[in-house]
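Chemist: Let me give you the structure first, and then I'll get to my questions.
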Amino acid sequence: MRAEMDRAAAFSQALKALADGEDAKAAEMAEGLLRRSPDDAGARQLMAAVALRQSKPAEAERWALSSLDVRPGHAATWILAAVAARAQANWRAALERYRRAGELEPNRPEASFGAAVAAIAIDAAEAPAVVNELQRRFPNPSPAWAEVGGALERGAQWALAAEAFALALKAQPSAKLHLRLGAAMQSLGRRGEAAAAYQQALQLDPSSAEAWFKLGLAFQDSGHPDRAAEAYRRALALRPELAEAETNLGVVLQELGDLEAAKQAYGRAINLMPSAFGRVAQALTTAPKGALWLDLDALRAHLSELGRLSR
């Protein structure tokens, strides 16, 4: 009885160390438990969790499977083994293990959402059916939808990805998720909804240069160069090294008829990223409100100097 109490106390301390980010301490304590009882399934599971935290998925998988040899009916360890397989891009093993966890605990969301991600990764054509089944079984919004949205995003299934991100946002709003929803909407050509999502992201994180830049893209694509210019300027105020924002700022300023300011932005862009010159030269010389230059070397030098002086 005393030995079991000591084991429970040590295991609890190891879990706390893991939760506190003290991976080495947690591993040391788990190893101590295993020295006393080599078949301790909980200690093996803990070693798997530590290995995953240390980005050692193969080792994590080995420990998780050895734990399951001793305790095959433990859903959390099946999920751990699935996560380790996912980290090694072994989606079929991950799907099988998530399904085992789901059979043991049918109402456990991690198992069902993890299985959905794996199923989509294996066969993108299954995505609509997978999403419909998840919505049937888990009708309430959940942060886990963000992971499903990521799988759909990777497969360029933008409508379903937008749906998944919207469900995740209802459960747990974040600037990052609004950005991902906005990107999905923009890929669908729904620029107004994309801009609204980026504006929601900025309400949560006004210092996000990425959100300002993407808002600029949405305004530019929807024919609002003045609003795009303001968004690009806000992005550059936060991250002056964003060459693409400088290039796009030049494009919209040129569209607005301010050629001198456009050339200054182009100059700053090519000073930040010389490879941007090709796009800059094309925009400057072919647009209706541009300027014709036959000597591209002279154009590069001219823009570079304007950019340097306007910093």
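Each chain in the structure tokens gets a letter, A, B, ..., in the order shown, and its residues are numbered from 1; ligands are numbered from 1 in order too.
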Can you pull out the residues contacting A:Leu242? Cut-off 12 Å, using only C-alpha atoms, and skip same-chain residues under 5 positions away; I want them as number ranges by chain.
Modeler: A: 209-210, 212-213, 232-237, 247-249, 265-266, 268-273, 276
Chemist: Find the spatial neighbours of A:Val252, counting only C-alpha atoms, within a cut-off of 8 Å - ignore same-chain residues fewer than 6 positions away - and output them as a PyMOL selection string.
Modeler: chain A and resi 220+225-226+228-229+262
Chemist: Export N, CA and C atoms of the chosen residues as a PDB file, in the first residue's frame?
Modeler:
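Saved to out31.pdb:
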```pdb
ATOM      1  N   GLN A 220      -6.938  45.998 -52.009  1.00  0.00           N
ATOM      2  CA  GLN A 220      -6.386  46.153 -53.351  1.00  0.00           C
ATOM      3  C   GLN A 220      -7.150  45.284 -54.355  1.00  0.00           C
ATOM      4  N   PRO A 225      -7.867  51.185 -53.797  1.00  0.00           N
ATOM      5  CA  PRO A 225      -6.433  51.450 -53.642  1.00  0.00           C
ATOM      6  C   PRO A 225      -6.101  52.412 -52.500  1.00  0.00           C
ATOM      7  N   ASP A 226      -6.989  53.358 -52.223  1.00  0.00           N
ATOM      8  CA  ASP A 226      -6.722  54.302 -51.136  1.00  0.00           C
ATOM      9  C   ASP A 226      -6.678  53.589 -49.782  1.00  0.00           C
ATOM     10  N   ALA A 228      -6.200  50.387 -49.398  1.00  0.00           N
ATOM     11  CA  ALA A 228      -5.075  49.453 -49.456  1.00  0.00           C
ATOM     12  C   ALA A 228      -3.781  50.172 -49.084  1.00  0.00           C
ATOM     13  N   ALA A 229      -3.586  51.384 -49.613  1.00  0.00           N
ATOM     14  CA  ALA A 229      -2.367  52.142 -49.317  1.00  0.00           C
ATOM     15  C   ALA A 229      -2.231  52.390 -47.815  1.00  0.00           C
ATOM     16  N   ALA A 262       4.900  56.505 -55.582  1.00  0.00           N
ATOM     17  CA  ALA A 262       4.975  55.104 -56.002  1.00  0.00           C
ATOM     18  C   ALA A 262       6.418  54.706 -56.275  1.00  0.00           C
TER      19      ALA A 262
END
```
Chemist: Do a neighbour search on A:Thr285 at 12 Å with only C-alpha atoms, toss out local chain neighbours closer than 3 positions, and write the hits as a list of chain:residue names.
Modeler: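 Near A:Thr285, the qualifying residues are A:Val251, A:Gln254, A:Leu259, A:Lys263, A:Phe277, A:Gly278, A:Arg279, A:Val280, A:Ala281, A:Gln282, A:Pro288, A:Lys289, A:Gly290, A:Ala291, A:Leu292, A:Trp293, A:Leu294, A:Asp295, A:Leu296, A:Leu299.
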Chemist: For those residues, write C-alpha atoms to a file as a compact mmCIF listing (two decimals), in the first residue's frame.
Modeler:
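Resulting contents of out_31.txt:
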```txt
# COMPACT_ATOMS: atom_id res chain seq x y z
CA VAL A 251 1.30 49.67 -57.19
CA GLN A 254 0.60 54.48 -58.96
CA LEU A 259 3.75 58.38 -59.41
CA LYS A 263 8.56 55.25 -57.29
CA PHE A 277 12.86 44.69 -59.45
CA GLY A 278 11.29 42.57 -62.20
CA ARG A 279 7.79 43.04 -60.81
CA VAL A 280 8.46 46.71 -60.09
CA ALA A 281 9.74 47.39 -63.60
CA GLN A 282 6.72 45.68 -65.15
CA PRO A 288 -1.71 53.21 -67.64
CA LYS A 289 -0.34 55.64 -65.02
CA GLY A 290 3.27 54.53 -65.32
CA ALA A 291 6.43 55.72 -67.04
CA LEU A 292 8.39 54.26 -69.92
CA TRP A 293 12.05 53.39 -69.30
CA LEU A 294 14.16 51.74 -71.96
CA ASP A 295 17.32 51.47 -69.83
CA LEU A 296 16.46 49.09 -67.01
CA LEU A 299 15.69 52.65 -63.84
```
Chemist: Give me the residues within 12 Å of A:Gly149 as a PyMOL selection string, counting only C-alpha atoms and dropping any in the same chain fewer than 6 places off.
Modeler: chain A and resi 113-114+116-117+120-121+127+130-131+142-143+155-169+177-178+180-181+183-184
Chemist: Restricting it to N, CA, C and O atoms, dump the selection as a CSV table (one decimal), in the first residue's frame.
Modeler:
```csv
chain,number,residue,atom,x,y,z
A,113,PHE,N,-11.7,14.3,-33.7
A,113,PHE,CA,-11.1,15.4,-34.5
A,113,PHE,C,-9.8,15.0,-35.1
A,113,PHE,O,-9.4,15.3,-36.3
A,114,GLY,N,-9.0,14.2,-34.3
A,114,GLY,CA,-7.7,13.8,-34.8
A,114,GLY,C,-7.9,12.8,-36.0
A,114,GLY,O,-7.2,12.8,-37.0
A,116,ALA,N,-10.4,12.8,-38.0
A,116,ALA,CA,-10.8,13.6,-39.2
A,116,ALA,C,-9.6,14.2,-39.9
A,116,ALA,O,-9.6,14.1,-41.1
A,117,VAL,N,-8.7,14.7,-39.2
A,117,VAL,CA,-7.5,15.3,-39.8
A,117,VAL,C,-6.7,14.3,-40.5
A,117,VAL,O,-6.3,14.5,-41.7
A,120,ILE,N,-8.6,13.2,-43.8
A,120,ILE,CA,-8.5,14.2,-44.8
A,120,ILE,C,-7.1,14.2,-45.5
A,120,ILE,O,-6.9,14.3,-46.7
A,121,ALA,N,-6.1,14.0,-44.6
A,121,ALA,CA,-4.7,13.9,-45.1
A,121,ALA,C,-4.5,12.7,-46.1
A,121,ALA,O,-3.8,12.8,-47.0
A,127,ALA,N,-13.2,14.6,-47.5
A,127,ALA,CA,-13.4,15.8,-46.6
A,127,ALA,C,-14.8,16.2,-46.3
A,127,ALA,O,-15.2,16.4,-45.2
A,130,VAL,N,-16.4,13.7,-44.0
A,130,VAL,CA,-15.8,13.7,-42.7
A,130,VAL,C,-16.3,14.9,-41.9
A,130,VAL,O,-16.6,14.8,-40.7
A,131,VAL,N,-16.3,16.1,-42.6
A,131,VAL,CA,-16.8,17.3,-41.9
A,131,VAL,C,-18.3,17.2,-41.5
A,131,VAL,O,-18.7,17.6,-40.4
A,142,SER,N,-16.1,24.2,-31.3
A,142,SER,CA,-15.0,23.7,-30.5
A,142,SER,C,-13.7,24.2,-31.1
A,142,SER,O,-13.5,24.4,-32.3
A,143,PRO,N,-12.7,24.5,-30.3
A,143,PRO,CA,-11.4,25.0,-30.8
A,143,PRO,C,-10.7,23.9,-31.7
A,143,PRO,O,-9.9,24.2,-32.5
A,155,GLY,N,-5.1,21.2,-48.2
A,155,GLY,CA,-5.7,20.6,-49.4
A,155,GLY,C,-6.4,21.6,-50.3
A,155,GLY,O,-7.1,21.2,-51.3
A,156,ALA,N,-6.3,22.9,-50.0
A,156,ALA,CA,-6.9,24.0,-50.7
A,156,ALA,C,-8.4,23.8,-50.9
A,156,ALA,O,-9.0,24.2,-51.9
A,157,GLN,N,-9.0,23.2,-49.8
A,157,GLN,CA,-10.5,23.1,-49.8
A,157,GLN,C,-11.1,24.3,-49.0
A,157,GLN,O,-11.4,24.1,-47.8
A,158,TRP,N,-11.1,25.4,-49.7
A,158,TRP,CA,-11.2,26.7,-49.0
A,158,TRP,C,-12.6,26.8,-48.4
A,158,TRP,O,-12.7,27.4,-47.3
A,159,ALA,N,-13.7,26.4,-49.0
A,159,ALA,CA,-15.0,26.6,-48.5
A,159,ALA,C,-15.2,25.8,-47.2
A,159,ALA,O,-15.7,26.3,-46.2
A,160,LEU,N,-14.7,24.6,-47.2
A,160,LEU,CA,-14.8,23.8,-45.9
A,160,LEU,C,-13.8,24.3,-44.9
A,160,LEU,O,-14.2,24.3,-43.7
A,161,ALA,N,-12.7,24.8,-45.3
A,161,ALA,CA,-11.7,25.4,-44.3
A,161,ALA,C,-12.3,26.6,-43.7
A,161,ALA,O,-12.2,26.7,-42.4
A,162,ALA,N,-13.0,27.4,-44.4
A,162,ALA,CA,-13.6,28.6,-43.9
A,162,ALA,C,-14.7,28.2,-42.9
A,162,ALA,O,-14.8,28.8,-41.8
A,163,GLU,N,-15.4,27.2,-43.2
A,163,GLU,CA,-16.5,26.7,-42.3
A,163,GLU,C,-15.9,26.2,-41.0
A,163,GLU,O,-16.4,26.5,-39.9
A,164,ALA,N,-14.8,25.5,-41.1
A,164,ALA,CA,-14.1,24.9,-39.9
A,164,ALA,C,-13.5,26.1,-39.0
A,164,ALA,O,-13.7,26.1,-37.8
A,165,PHE,N,-12.9,27.0,-39.7
A,165,PHE,CA,-12.3,28.1,-38.9
A,165,PHE,C,-13.4,29.0,-38.2
A,165,PHE,O,-13.2,29.4,-37.1
A,166,ALA,N,-14.5,29.1,-38.9
A,166,ALA,CA,-15.6,29.9,-38.3
A,166,ALA,C,-16.1,29.2,-37.0
A,166,ALA,O,-16.4,29.8,-36.0
A,167,LEU,N,-16.2,27.9,-37.1
A,167,LEU,CA,-16.6,27.1,-35.9
A,167,LEU,C,-15.6,27.2,-34.8
A,167,LEU,O,-16.0,27.3,-33.6
A,168,ALA,N,-14.3,27.2,-35.1
A,168,ALA,CA,-13.3,27.3,-34.1
A,168,ALA,C,-13.3,28.7,-33.5
A,168,ALA,O,-13.2,28.8,-32.3
A,169,LEU,N,-13.6,29.7,-34.3
A,169,LEU,CA,-13.6,31.1,-33.8
A,169,LEU,C,-14.8,31.3,-32.8
A,169,LEU,O,-14.7,32.1,-31.9
A,177,LEU,N,-6.6,32.9,-35.9
A,177,LEU,CA,-7.7,32.2,-36.6
A,177,LEU,C,-8.5,33.1,-37.6
A,177,LEU,O,-8.9,32.7,-38.6
A,178,HIS,N,-8.7,34.4,-37.2
A,178,HIS,CA,-9.3,35.3,-38.1
A,178,HIS,C,-8.5,35.5,-39.3
A,178,HIS,O,-9.0,35.6,-40.4
A,180,ARG,N,-6.6,33.2,-40.7
A,180,ARG,CA,-6.7,32.0,-41.5
A,180,ARG,C,-8.1,32.0,-42.2
A,180,ARG,O,-8.2,31.6,-43.4
A,181,LEU,N,-9.1,32.5,-41.5
A,181,LEU,CA,-10.5,32.6,-42.1
A,181,LEU,C,-10.4,33.6,-43.2
A,181,LEU,O,-11.0,33.3,-44.3
A,183,ALA,N,-7.9,34.4,-45.1
A,183,ALA,CA,-7.1,33.8,-46.2
A,183,ALA,C,-8.0,32.9,-47.0
A,183,ALA,O,-8.0,32.8,-48.2
A,184,ALA,N,-8.8,32.1,-46.3
A,184,ALA,CA,-9.7,31.2,-47.0
A,184,ALA,C,-10.8,31.9,-47.8
A,184,ALA,O,-11.1,31.6,-48.9
```
Chemist: Could you please determine the separation between atom CA of A:Glu126 and atom CA of A:Arg97 in Å, to one decimal place?
Modeler: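 Separation between atom CA of A:Glu126 and atom CA of A:Arg97: 18.5 Å.
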Chemist: Select from stretch 74-299 of chain A everything DSSP, run on the backbone, classes as alpha helix (DSSP H), then give the selection as a PyMOL selection string.
Modeler: chain A and resi 75-87+91-104+109-122+127-137+145-154+158-171+175-187+191-204+209-221+225-238+243-255+259-272+277-286+296-299
Chemist: For A:Ala196, find every residue with an atom within 12 Å (counting only C-alpha atoms), except residues of its own chain fewer than 3 positions away, and show them as an MDAnalysis selection string.
Modeler: chainID A and resid 178:179 181:183 185:186 190:193 199:203 211:212 214:216 218:219
Chemist: Write out as a CSV table (one decimal) with all heavy atoms, in the first residue's frame which residues come within 12 Å of A:His74 when counting only C-alpha atoms, dropping same-chain ones fewer than 6 positions away.
Modeler:
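Ended up saving to out.csv:
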```csv
chain,number,residue,atom,x,y,z
A,41,ALA,N,2.9,1.1,-17.0
A,41,ALA,CA,2.4,1.7,-18.2
A,41,ALA,C,2.3,3.2,-18.2
A,41,ALA,O,2.5,3.9,-19.1
A,41,ALA,CB,1.0,1.1,-18.5
A,42,GLY,N,1.9,3.7,-17.0
A,42,GLY,CA,1.8,5.2,-16.8
A,42,GLY,C,3.2,5.8,-17.0
A,42,GLY,O,3.3,6.9,-17.6
A,45,GLN,N,4.0,5.9,-20.7
A,45,GLN,CA,3.2,6.9,-21.3
A,45,GLN,C,3.8,8.3,-21.1
A,45,GLN,O,3.9,9.1,-22.0
A,45,GLN,CB,1.7,6.9,-20.8
A,45,GLN,CG,0.9,8.0,-21.4
A,45,GLN,CD,-0.5,8.1,-20.7
A,45,GLN,OE1,-0.7,7.5,-19.6
A,45,GLN,NE2,-1.3,9.0,-21.2
A,64,ALA,N,5.0,5.0,-26.3
A,64,ALA,CA,3.5,4.9,-26.3
A,64,ALA,C,3.1,3.4,-26.6
A,64,ALA,O,2.2,2.9,-25.9
A,64,ALA,CB,2.9,5.9,-27.3
A,65,LEU,N,3.6,2.8,-27.6
A,65,LEU,CA,3.2,1.5,-28.0
A,65,LEU,C,3.6,0.5,-26.9
A,65,LEU,O,2.9,-0.5,-26.7
A,65,LEU,CB,3.9,1.1,-29.3
A,65,LEU,CG,3.3,1.9,-30.6
A,65,LEU,CD1,4.1,1.5,-31.8
A,65,LEU,CD2,1.8,1.7,-30.7
A,67,SER,N,3.7,1.2,-23.8
A,67,SER,CA,2.7,1.4,-22.7
A,67,SER,C,1.4,0.6,-23.1
A,67,SER,O,0.8,0.0,-22.2
A,67,SER,CB,2.4,2.9,-22.6
A,67,SER,OG,1.4,3.1,-21.6
A,68,LEU,N,1.1,0.7,-24.4
A,68,LEU,CA,-0.2,0.0,-24.8
A,68,LEU,C,0.0,-1.5,-24.7
A,68,LEU,O,-1.0,-2.2,-24.6
A,68,LEU,CB,-0.5,0.4,-26.2
A,68,LEU,CG,-1.1,1.9,-26.3
A,68,LEU,CD1,-1.1,2.4,-27.7
A,68,LEU,CD2,-2.5,2.0,-25.7
A,80,LEU,N,-1.9,9.5,-27.9
A,80,LEU,CA,-0.4,9.9,-27.9
A,80,LEU,C,0.3,9.2,-29.0
A,80,LEU,O,1.1,9.8,-29.7
A,80,LEU,CB,0.1,9.5,-26.5
A,80,LEU,CG,1.4,10.2,-26.1
A,80,LEU,CD1,1.3,11.7,-26.1
A,80,LEU,CD2,1.8,9.7,-24.7
A,81,ALA,N,0.0,7.9,-29.2
A,81,ALA,CA,0.7,7.1,-30.2
A,81,ALA,C,0.3,7.7,-31.6
A,81,ALA,O,1.1,7.7,-32.6
A,81,ALA,CB,0.3,5.6,-30.1
A,97,ARG,N,-5.0,4.6,-34.9
A,97,ARG,CA,-4.9,4.8,-33.5
A,97,ARG,C,-5.9,5.7,-33.0
A,97,ARG,O,-6.5,5.5,-31.9
A,97,ARG,CB,-3.5,5.3,-33.2
A,97,ARG,CG,-2.4,4.2,-33.4
A,97,ARG,CD,-1.0,4.7,-33.5
A,97,ARG,NE,-0.1,3.7,-34.0
A,97,ARG,CZ,1.2,3.9,-34.2
A,97,ARG,NH1,1.7,5.1,-34.0
A,97,ARG,NH2,2.0,2.9,-34.6
A,98,TYR,N,-6.2,6.8,-33.7
A,98,TYR,CA,-7.3,7.7,-33.3
A,98,TYR,C,-8.6,6.9,-33.2
A,98,TYR,O,-9.4,7.1,-32.3
A,98,TYR,CB,-7.4,8.9,-34.2
A,98,TYR,CG,-6.5,10.0,-34.0
A,98,TYR,CD1,-5.7,10.4,-35.1
A,98,TYR,CD2,-6.3,10.6,-32.8
A,98,TYR,CE1,-4.8,11.5,-34.9
A,98,TYR,CE2,-5.4,11.7,-32.6
A,98,TYR,CZ,-4.7,12.1,-33.7
A,98,TYR,OH,-3.8,13.1,-33.5
A,100,ARG,N,-9.0,3.7,-32.7
A,100,ARG,CA,-9.0,2.8,-31.5
A,100,ARG,C,-9.4,3.6,-30.2
A,100,ARG,O,-10.1,3.2,-29.4
A,100,ARG,CB,-7.6,2.2,-31.3
A,100,ARG,CG,-7.3,1.1,-32.2
A,100,ARG,CD,-8.2,-0.2,-31.9
A,100,ARG,NE,-8.0,-0.7,-30.6
A,100,ARG,CZ,-7.0,-1.6,-30.3
A,100,ARG,NH1,-6.2,-2.0,-31.2
A,100,ARG,NH2,-7.0,-2.1,-29.1
A,101,ALA,N,-8.8,4.9,-30.1
A,101,ALA,CA,-9.1,5.7,-29.0
A,101,ALA,C,-10.6,6.0,-29.0
A,101,ALA,O,-11.3,6.0,-27.9
A,101,ALA,CB,-8.3,7.0,-29.0
A,102,GLY,N,-11.2,6.3,-30.2
A,102,GLY,CA,-12.6,6.6,-30.3
A,102,GLY,C,-13.5,5.5,-29.9
A,102,GLY,O,-14.6,5.6,-29.4
A,103,GLU,N,-13.1,4.3,-30.3
A,103,GLU,CA,-13.8,3.1,-29.9
A,103,GLU,C,-13.9,2.9,-28.4
A,103,GLU,O,-14.9,2.5,-27.8
A,103,GLU,CB,-13.2,1.8,-30.5
A,103,GLU,CG,-13.4,1.8,-32.0
A,103,GLU,CD,-12.5,0.7,-32.7
A,103,GLU,OE1,-11.8,0.0,-31.9
A,103,GLU,OE2,-12.5,0.6,-33.9
A,104,LEU,N,-12.8,3.2,-27.7
A,104,LEU,CA,-12.7,3.1,-26.2
A,104,LEU,C,-13.5,4.2,-25.6
A,104,LEU,O,-14.1,4.0,-24.5
A,104,LEU,CB,-11.2,3.2,-25.8
A,104,LEU,CG,-10.4,1.9,-26.2
A,104,LEU,CD1,-8.9,2.2,-26.1
A,104,LEU,CD2,-10.8,0.7,-25.3
A,105,GLU,N,-13.4,5.5,-26.1
A,105,GLU,CA,-14.1,6.6,-25.5
A,105,GLU,C,-14.8,7.4,-26.7
A,105,GLU,O,-14.3,8.3,-27.2
A,105,GLU,CB,-13.2,7.5,-24.8
A,105,GLU,CG,-12.5,6.8,-23.6
A,105,GLU,CD,-11.7,7.8,-22.7
A,105,GLU,OE1,-12.0,9.0,-22.8
A,105,GLU,OE2,-10.8,7.4,-22.0
```
Chemist: Go through A:Pro274, A:Arg300, A:Leu188, A:Gly73 and flag the residue nearest A:Glu153, using only C-alpha atoms for the distances.
Modeler: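 Among the listed residues, the smallest separation from A:Glu153 belongs to A:Leu188.
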